[in-house]
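I have placed the structure first, in the form of structure tokens, so that the comments after it can refer back to it.
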Amino acid sequence: MAGQNNSIFGAKLVHGFAFFAFFLAGSPVLAAEGMDRLTAFFAQKGGMRAEFVQTVEGAAFAQPDESRGTLLLQRPGKFRWDYKLPYPQLIIADGRQLWIYDVDLEQVIVKPLDAALGDTPALLLSNGGNVSERFEISPLLGRDDKLLWMLLVPKQADSGFKEIRLGFGPKHLLGMELVDGFDQITRLVFSDVEIGLTLPNDSFQFVPPEGVDVVGRELR
């Protein structure tokens with residue numbers, strides 16, 4: 001019986017080492033493929049549309065906070081995060097300004113876009129360009145969700161985020177994870193992704209509804 005146990009244990013070890021060797025051999029290939037997909041994403045022309053589910057986890061939350069909505073993206077510098085559930089909220093960048101409209105609070109916050117975003121994930125997605133100038137990029141291996149994940153660590157210490165993780169499917173960006181300075185994690189899962197779209201200009205225009213409080217000064 002002892003010999004049989006040793007034999008089984010030995011077979012498991014051999015299998016484990018074989019898998020580990022295969023994993024190491026495949027890592028450079030996966031890393032190169034992940035970098036190719038990241039580069040292709042930030043080189044995309046035209047607009048992007050996707051549905052998203054966002055969850056936020058951290059010490060401040062007894063359980064993950066979930067919201068859903070639609071994202072429109074037009075480079076450079078334009079996006080529209082339309083949160084529909086559980087509470088309506090609209091975040092729009094028109095290329096010059098950032099608008100944040102909280103429907104329930106009847107309040108709009110407006111800020112110059114560069115000052116509002118800095119080197120944040122929102123700016124990362126909407127500007128693209130040479131990402132390696134602003135982030136250290138490396139593959140994130142070992143995930144089991146069939147996506148190719150890339151890890152982006154800001155080169156500037158004051159970015160407000162420790163790291164950003166981007167998960168790519170064969171054609172599209174399908175996942176995004178943000179880890180802030182308090183180890184709070186925001187996860188975004190994208191679905192029904194469409195790229196190369198011609199989006200109407202008014203998708204990224206915002207006029208404060210009559211009667212709401214406007215915090216900040218609109219650029220003229």
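Scheme for the structure tokens: letters A, B, ... for chains in order shown; per-chain residue numbers from 1; ligand numbers from 1 in order shown.
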Polymer residues at most 9 Å from Gln89 in chain A, only C-alpha atoms, same-chain spacing of 4 or more positions, as a ChimeraX atom specification: /A:81-85,100-104
- Item | Which of range 78-219 of chain A fall in alpha helix (DSSP H), as a ChimeraX atom specification | /A:113-117,121-127
Would you mind exporting the chosen residues as a PDB file, in the first residue's frame, restricted to N, CA and C atoms?
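See selection-v4.pdb below for the written result:
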ATOM      1  N   LEU A 113     -11.257  69.090 -17.984  1.00  0.00           N
ATOM      2  CA  LEU A 113     -10.992  67.666 -18.145  1.00  0.00           C
ATOM      3  C   LEU A 113      -9.605  67.273 -17.653  1.00  0.00           C
ATOM      4  N   ASP A 114      -8.573  68.009 -18.032  1.00  0.00           N
ATOM      5  CA  ASP A 114      -7.212  67.649 -17.644  1.00  0.00           C
ATOM      6  C   ASP A 114      -7.039  67.665 -16.131  1.00  0.00           C
ATOM      7  N   ALA A 115      -7.615  68.668 -15.476  1.00  0.00           N
ATOM      8  CA  ALA A 115      -7.485  68.772 -14.029  1.00  0.00           C
ATOM      9  C   ALA A 115      -8.278  67.689 -13.315  1.00  0.00           C
ATOM     10  N   ALA A 116      -9.399  67.292 -13.911  1.00  0.00           N
ATOM     11  CA  ALA A 116     -10.267  66.315 -13.257  1.00  0.00           C
ATOM     12  C   ALA A 116      -9.720  64.898 -13.366  1.00  0.00           C
ATOM     13  N   LEU A 117      -9.126  64.566 -14.511  1.00  0.00           N
ATOM     14  CA  LEU A 117      -8.726  63.184 -14.747  1.00  0.00           C
ATOM     15  C   LEU A 117      -7.294  62.891 -14.363  1.00  0.00           C
ATOM     16  N   PRO A 121      -7.602  56.016 -14.806  1.00  0.00           N
ATOM     17  CA  PRO A 121      -8.053  55.024 -15.788  1.00  0.00           C
ATOM     18  C   PRO A 121      -8.991  55.589 -16.838  1.00  0.00           C
ATOM     19  N   ALA A 122      -9.833  56.555 -16.451  1.00  0.00           N
ATOM     20  CA  ALA A 122     -10.740  57.161 -17.432  1.00  0.00           C
ATOM     21  C   ALA A 122      -9.954  57.839 -18.543  1.00  0.00           C
ATOM     22  N   LEU A 123      -8.906  58.549 -18.178  1.00  0.00           N
ATOM     23  CA  LEU A 123      -8.062  59.197 -19.186  1.00  0.00           C
ATOM     24  C   LEU A 123      -7.325  58.150 -20.006  1.00  0.00           C
ATOM     25  N   LEU A 124      -6.901  57.079 -19.357  1.00  0.00           N
ATOM     26  CA  LEU A 124      -6.213  56.006 -20.062  1.00  0.00           C
ATOM     27  C   LEU A 124      -7.077  55.463 -21.193  1.00  0.00           C
ATOM     28  N   LEU A 125      -8.334  55.153 -20.904  1.00  0.00           N
ATOM     29  CA  LEU A 125      -9.219  54.581 -21.917  1.00  0.00           C
ATOM     30  C   LEU A 125      -9.550  55.574 -23.015  1.00  0.00           C
ATOM     31  N   SER A 126      -9.739  56.833 -22.654  1.00  0.00           N
ATOM     32  CA  SER A 126     -10.235  57.800 -23.632  1.00  0.00           C
ATOM     33  C   SER A 126      -9.140  58.445 -24.464  1.00  0.00           C
ATOM     34  N   ASN A 127      -7.905  58.388 -24.006  1.00  0.00           N
ATOM     35  CA  ASN A 127      -6.832  59.035 -24.760  1.00  0.00           C
ATOM     36  C   ASN A 127      -5.980  58.048 -25.546  1.00  0.00           C
TER      37      ASN A 127
END
Tell me, counting only C-alpha atoms, for each residue of range 96-209 of chain A within 10 Å of range 62-74 of chain A, which pair of atoms is nearest and how far apart they are in Å to one decimal, in rows ordered by chain and increasing number, as CSV.
residue,atom,partner,partner_atom,distance
A:Leu125,CA,A:Leu73,CA,8.0
A:Ser126,CA,A:Leu73,CA,6.4
A:Asn127,CA,A:Gln74,CA,8.7
A:Ile185,CA,A:Pro64,CA,9.6
A:Thr186,CA,A:Asp65,CA,9.3
A:Arg187,CA,A:Glu66,CA,9.4
A:Leu188,CA,A:Arg68,CA,9.4
A:Val189,CA,A:Arg68,CA,9.7
A:Phe190,CA,A:Leu71,CA,8.9
A:Ser191,CA,A:Thr70,CA,9.6
A:Asp192,CA,A:Thr70,CA,9.9
A:Val193,CA,A:Leu71,CA,9.4
A:Glu194,CA,A:Leu72,CA,9.7
A:Ile195,CA,A:Leu73,CA,9.2
A:Gly196,CA,A:Gln74,CA,9.6
A:Leu197,CA,A:Gln74,CA,8.9
A:Thr198,CA,A:Gln74,CA,8.9
A:Leu199,CA,A:Gln74,CA,7.7
A:Asn201,CA,A:Gln74,CA,9.6
A:Ser203,CA,A:Leu72,CA,7.9
A:Phe204,CA,A:Leu72,CA,8.6
Output file for the residues above (N, CA and C atoms, as a compact mmCIF listing (two decimals), in the first residue's frame):
# COMPACT_ATOMS: atom_id res chain seq x y z
N LEU A 125 -8.33 55.15 -20.90
CA LEU A 125 -9.22 54.58 -21.92
C LEU A 125 -9.55 55.57 -23.01
N SER A 126 -9.74 56.83 -22.65
CA SER A 126 -10.24 57.80 -23.63
C SER A 126 -9.14 58.44 -24.46
N ASN A 127 -7.91 58.39 -24.01
CA ASN A 127 -6.83 59.03 -24.76
C ASN A 127 -5.98 58.05 -25.55
N ILE A 185 -10.93 47.85 -4.70
CA ILE A 185 -10.87 47.29 -6.05
C ILE A 185 -12.18 47.57 -6.78
N THR A 186 -12.07 48.20 -7.93
CA THR A 186 -13.21 48.41 -8.81
C THR A 186 -13.06 47.49 -10.01
N ARG A 187 -14.04 46.64 -10.23
CA ARG A 187 -14.01 45.70 -11.35
C ARG A 187 -15.09 46.07 -12.36
N LEU A 188 -14.71 46.06 -13.62
CA LEU A 188 -15.64 46.33 -14.72
C LEU A 188 -15.62 45.17 -15.68
N VAL A 189 -16.81 44.68 -16.00
CA VAL A 189 -16.96 43.62 -16.99
C VAL A 189 -17.75 44.20 -18.16
N PHE A 190 -17.16 44.14 -19.36
CA PHE A 190 -17.80 44.71 -20.54
C PHE A 190 -18.43 43.61 -21.38
N SER A 191 -19.59 43.90 -21.97
CA SER A 191 -20.27 42.96 -22.85
C SER A 191 -20.91 43.72 -24.00
N ASP A 192 -21.34 42.98 -25.02
CA ASP A 192 -21.95 43.59 -26.21
C ASP A 192 -21.08 44.73 -26.75
N VAL A 193 -19.79 44.45 -26.84
CA VAL A 193 -18.84 45.48 -27.25
C VAL A 193 -18.90 45.69 -28.76
N GLU A 194 -18.97 46.96 -29.17
CA GLU A 194 -18.92 47.34 -30.58
C GLU A 194 -17.82 48.38 -30.75
N ILE A 195 -17.03 48.24 -31.80
CA ILE A 195 -15.95 49.19 -32.04
C ILE A 195 -16.04 49.72 -33.48
N GLY A 196 -15.26 50.78 -33.75
CA GLY A 196 -15.25 51.36 -35.08
C GLY A 196 -16.53 52.10 -35.43
N LEU A 197 -17.26 52.56 -34.42
CA LEU A 197 -18.55 53.20 -34.64
C LEU A 197 -18.39 54.70 -34.95
N THR A 198 -19.35 55.23 -35.65
CA THR A 198 -19.47 56.68 -35.81
C THR A 198 -20.55 57.14 -34.84
N LEU A 199 -20.13 57.77 -33.76
CA LEU A 199 -21.06 58.17 -32.71
C LEU A 199 -21.49 59.63 -32.90
N ASN A 201 -22.18 63.46 -32.29
CA ASN A 201 -21.46 64.41 -31.44
C ASN A 201 -22.22 64.72 -30.16
N SER A 203 -23.69 62.84 -28.29
CA SER A 203 -23.52 61.81 -27.26
C SER A 203 -22.61 62.29 -26.13
N PHE A 204 -21.73 63.25 -26.46
CA PHE A 204 -20.73 63.72 -25.50
C PHE A 204 -20.96 65.19 -25.13
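Distances from A:Ala43, A:Ala32, A:Met48, A:Leu90 to Val131 in chain A were compared using only C-alpha atoms, and the smallest one belongs to A:Ala43.
With distances restricted to only C-alpha atoms, A:Val179 is the closest residue to Lys162 in chain A from A:Val179, A:Ala93, A:Ile109, A:Leu174.
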From CA of Phe161 in chain A to CA of Ala60 in chain A the spacing works out at 16.9 Å
